[in-house]
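Presented below is the structure to which this report refers.
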Amino acid sequence: MSRYMSGLVVRAEGTPAEIVELRLPEIGPGQVRVRIRAAGVCHSDLSMINGTLRPPHPLILGHEASGEVVETGDHVTRAAVGDRVVLNWQPACRNCWFCEHGEPWLCSTSHGVAALENGITLDGAPVHVTLGVGALAEQVVVPENAVIRVPSELDFDLAALLGCAVLTGTGAVRNTARVQPGESVLVIGLGGVGLSVVSAARAAGAAQVIAVDVTEAKKELAEAAGATDFVVSSENLSKDIRGRTGKLGVDHAIECVGRASTIRAAWRATRSGGQVTVVGMGAADDMVQLSALEIFSSARILRASVYGQADTDLEVPALARDVLDGRLTLDHLITDRIRLADVPAAFDRMSRGEGARSVVNL
């Protein structure tokens with residue numbers, strides 16, 4: 001088996017991503033080698049190159065992907081050669097305090113890790129992989145707990161979305177916000193995650209789902225996902241939302257952008273006693289300001305949803321079954337099917353707010 005592969009690499013901060021040849025490491029005990037068949041282009045990948053996050057370099061981009069296992073190391077029990085798998089960029093160790101207390105999405109061994117050195121080399125120098133995966137590449141070598149088996153009938157491109165966008169968006173609705181039938185939901189930001197939130201909110205029985213983005217071009221996508229209302233964002237967003245909810249505000253606002261300004265807008269558009277859920281990953285120096293009096297008097301809840309507050313080992317297979325059974329439709333999320341060389345153009349479209357998910361087919 002070839003120990004060389006192509007991958008999308010950022011060599012240093014401020015340099016463009018480029019396809020380069022990489023040397024893969026030998027797999028060790030408890031590891032698996034996966035041939036990537038489909039990978040989504042996620043906003044978190046863009047954050048690795050636009051300055052929102054500052055990972056070490058050189059860096060292989062990508063973390064939302066599916067593929068097939070082509071080699072296993074000693075003592076591997078979770079996967080076998082030929083298995084169709086979804087990659088898990090935040091695998092739970094099952095032994096730390098958070099895992100033992102029912103919060104595997106906050107696992108101390110993987111939560112908050114932007115990139116890891118992985119034994120892959122570029123011109124003899126070690127390479128880091130985004131979120132421990134580096135999936136915008138032909139192959140990856142990962143710990144066995146970073147792969148989740150899914151049925152072989154599930155298309156690779158749809159399976160890839162389960163590993164980030166769909167799980168994150170669905171989990172934000174089901175596990176964090178816990179949207180109930182008849183409630184109203186505001187969704188700010190309509191990328192792959194935001195559109196997944198819209199679909200999950202409607203599936204949960206929300207009576208009103210107001211979708212917000214910066215461009216009118218997202219209206220059709222929002223409606224396909226199940227939105228009852230579509231609003232182009234403006235400085236008067238909170239006032240507009242209150243006008244659509246009898247001046248009360250929404251029961252739930254789910255922010256999928258990761259900016260202080262949109263978090264604040266979500267807060268203002270939520271009714272007293274309502275809940276604001278932040279899904280978007282923002283910059284460390286982008287500060288959200290709320291007055292102490294407003295926090296007390298509004299009685300609103302502000303919380304984050306990390307990876308959909310999901311136990312990935314349980315929820316990814318469940319989502320896969322929902323797709324195969326027709327209970328969950330994902331086709332509207334994929335607006336572009338591209339090659340690895342087209343990823344930089346996909347980042348440009350994402351920066352302009354165009355489309356939903358671009359999926360790389362390898």
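Going through the structure tokens in order, the chains are called A, B, and so on, while each chain numbers its residues from 1 and the ligands are numbered from 1 in the order shown.
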(message) For the structure I just gave you, how does DSSP split segment 24-235 of chain A - specifically, which residues are helix (DSSP H, G or I)? Reply as a ChimeraX atom specification.
(response) /A:43-47,97-100,104-106,144-146,156-162,165-177,192-203,216-225
(request) Name the residues in contact with Arg84 of chain A at a cut-off of 10 Å, using only C-alpha atoms, excluding same-chain residues fewer than 2 positions from it; report them as a PyMOL selection string. (result) chain A and resi 34-35+37+66-70+79-82+86+147-156+159
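Counting only C-alpha atoms, the residue from A:Leu167, A:Gly40, A:Leu190, A:His101 that sits nearest to Ile334 of chain A is A:Gly40.
Residue nearest Glu103 of chain A, chosen from A:Glu223, A:Asp311, A:Glu21, A:Glu117 and counting only C-alpha atoms: A:Asp311.
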(request) Select, from A:Arg327, A:His43, A:Arg352, A:Arg33, the residue with the minimum atom-to-atom distance to Val193 of chain A, counting only C-alpha atoms. (result) A:His43
(message) Please return, as a list in words, all residues of segment 303-351 of chain A that DSSP assigns to strand (DSSP E or B) on the basis of the backbone.
(response)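 These are the residues in question: Arg303, Ala304, Ile334, Thr335, Asp336, Arg337 and Ile338 of chain A.
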(request) With a distance cut-off of 12 Å and only C-alpha atoms, select the neighbouring residues of Thr168 of chain A, excluding the residue or stretch itself and same-chain residues fewer than 5 positions from it, and output the selection as a PyMOL selection string. (result) chain A and resi 42+64+88-90+105+161-163+173-176+191-198+200+254+256+277-281+304-312+315-316+319
(message) For Ser47 of chain A, find every residue with an atom within 12 Å (counting only C-alpha atoms), except residues of its own chain fewer than 2 positions away, and show them as a list in words.
(response)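 In the requested form, the answer reads Glu13, Gly14, Val41, Cys42, His43, Ser44, Asp45, Ile49, Asn50, Gly51, Thr52, Leu53, Arg54, Pro55, Leu61, Gly62, Ala114, Thr130, Leu131, Val257, Gly258, Gly280, Met281, Gly282, Ala283, Ala284, Phe347, Met350 and Ser351 of chain A.
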Generate the output file for the selected residues, N, CA and C atoms, as a compact mmCIF listing (two decimals), in the first residue's frame.
# COMPACT_ATOMS: atom_id res chain seq x y z
N GLU A 13 1.03 30.61 8.41
CA GLU A 13 -0.05 31.58 8.56
C GLU A 13 0.03 32.65 7.47
N GLY A 14 -1.11 32.91 6.84
CA GLY A 14 -1.15 33.93 5.79
C GLY A 14 -0.83 33.43 4.41
N VAL A 41 -16.59 20.94 3.24
CA VAL A 41 -15.80 22.15 3.47
C VAL A 41 -16.54 22.96 4.52
N CYS A 42 -16.00 23.01 5.73
CA CYS A 42 -16.68 23.59 6.89
C CYS A 42 -16.09 24.96 7.24
N HIS A 43 -16.93 25.79 7.88
CA HIS A 43 -16.47 27.12 8.27
C HIS A 43 -15.32 27.04 9.27
N SER A 44 -15.27 25.98 10.07
CA SER A 44 -14.15 25.82 11.00
C SER A 44 -12.83 25.68 10.26
N ASP A 45 -12.86 25.07 9.07
CA ASP A 45 -11.64 24.99 8.25
C ASP A 45 -11.22 26.38 7.79
N ILE A 49 -7.57 29.41 8.54
CA ILE A 49 -6.71 30.15 7.62
C ILE A 49 -7.02 31.64 7.55
N ASN A 50 -8.14 32.08 8.15
CA ASN A 50 -8.47 33.51 8.06
C ASN A 50 -8.13 34.29 9.32
N GLY A 51 -7.47 33.64 10.30
CA GLY A 51 -7.04 34.34 11.50
C GLY A 51 -7.97 34.22 12.68
N THR A 52 -9.18 33.63 12.49
CA THR A 52 -10.08 33.43 13.63
C THR A 52 -9.43 32.50 14.65
N LEU A 53 -8.82 31.43 14.14
CA LEU A 53 -8.05 30.51 14.98
C LEU A 53 -6.59 30.56 14.52
N ARG A 54 -5.70 30.20 15.41
CA ARG A 54 -4.27 30.26 15.10
C ARG A 54 -3.62 28.90 15.37
N PRO A 55 -3.84 27.95 14.46
CA PRO A 55 -3.28 26.61 14.66
C PRO A 55 -1.80 26.57 14.31
N LEU A 61 -5.87 20.69 6.19
CA LEU A 61 -7.21 21.15 6.51
C LEU A 61 -8.21 19.99 6.47
N GLY A 62 -9.39 20.23 7.03
CA GLY A 62 -10.50 19.29 6.91
C GLY A 62 -10.76 18.45 8.15
N ALA A 114 -7.20 22.47 18.44
CA ALA A 114 -7.33 22.98 17.06
C ALA A 114 -6.61 22.09 16.06
N THR A 130 -5.91 19.22 11.13
CA THR A 130 -7.01 20.00 11.69
C THR A 130 -7.90 19.14 12.57
N LEU A 131 -8.12 19.61 13.82
CA LEU A 131 -8.99 18.95 14.78
C LEU A 131 -8.67 17.46 14.93
N VAL A 257 -23.09 31.70 13.67
CA VAL A 257 -22.07 32.52 13.01
C VAL A 257 -20.79 32.60 13.84
N GLY A 258 -20.95 32.86 15.14
CA GLY A 258 -19.79 32.98 16.01
C GLY A 258 -19.21 34.38 16.05
N GLY A 280 -21.98 28.87 16.68
CA GLY A 280 -20.82 29.35 15.92
C GLY A 280 -19.59 29.51 16.78
N MET A 281 -18.43 29.15 16.22
CA MET A 281 -17.16 29.26 16.93
C MET A 281 -16.49 30.58 16.53
N GLY A 282 -16.34 31.50 17.48
CA GLY A 282 -15.82 32.82 17.19
C GLY A 282 -14.38 33.01 17.63
N ALA A 283 -13.91 34.25 17.51
CA ALA A 283 -12.54 34.61 17.86
C ALA A 283 -12.41 34.93 19.34
N ALA A 284 -11.23 34.71 19.88
CA ALA A 284 -11.00 34.91 21.30
C ALA A 284 -11.12 36.37 21.72
N PHE A 347 -13.95 28.10 -0.27
CA PHE A 347 -13.75 29.04 0.85
C PHE A 347 -14.16 30.45 0.45
N MET A 350 -17.86 30.63 0.57
CA MET A 350 -18.29 30.65 1.96
C MET A 350 -18.11 32.04 2.56
N SER A 351 -17.00 32.69 2.27
CA SER A 351 -16.74 34.03 2.79
C SER A 351 -17.76 35.03 2.28
(message) Could you check the closest approach to Ala345 of chain A for each of A:Gly7, A:Gly124, A:Pro16, A:Gly182 and tell me which residue wins, using only C-alpha atoms?
(response)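 The answer is A:Pro16, which sits nearest to Ala345 of chain A.
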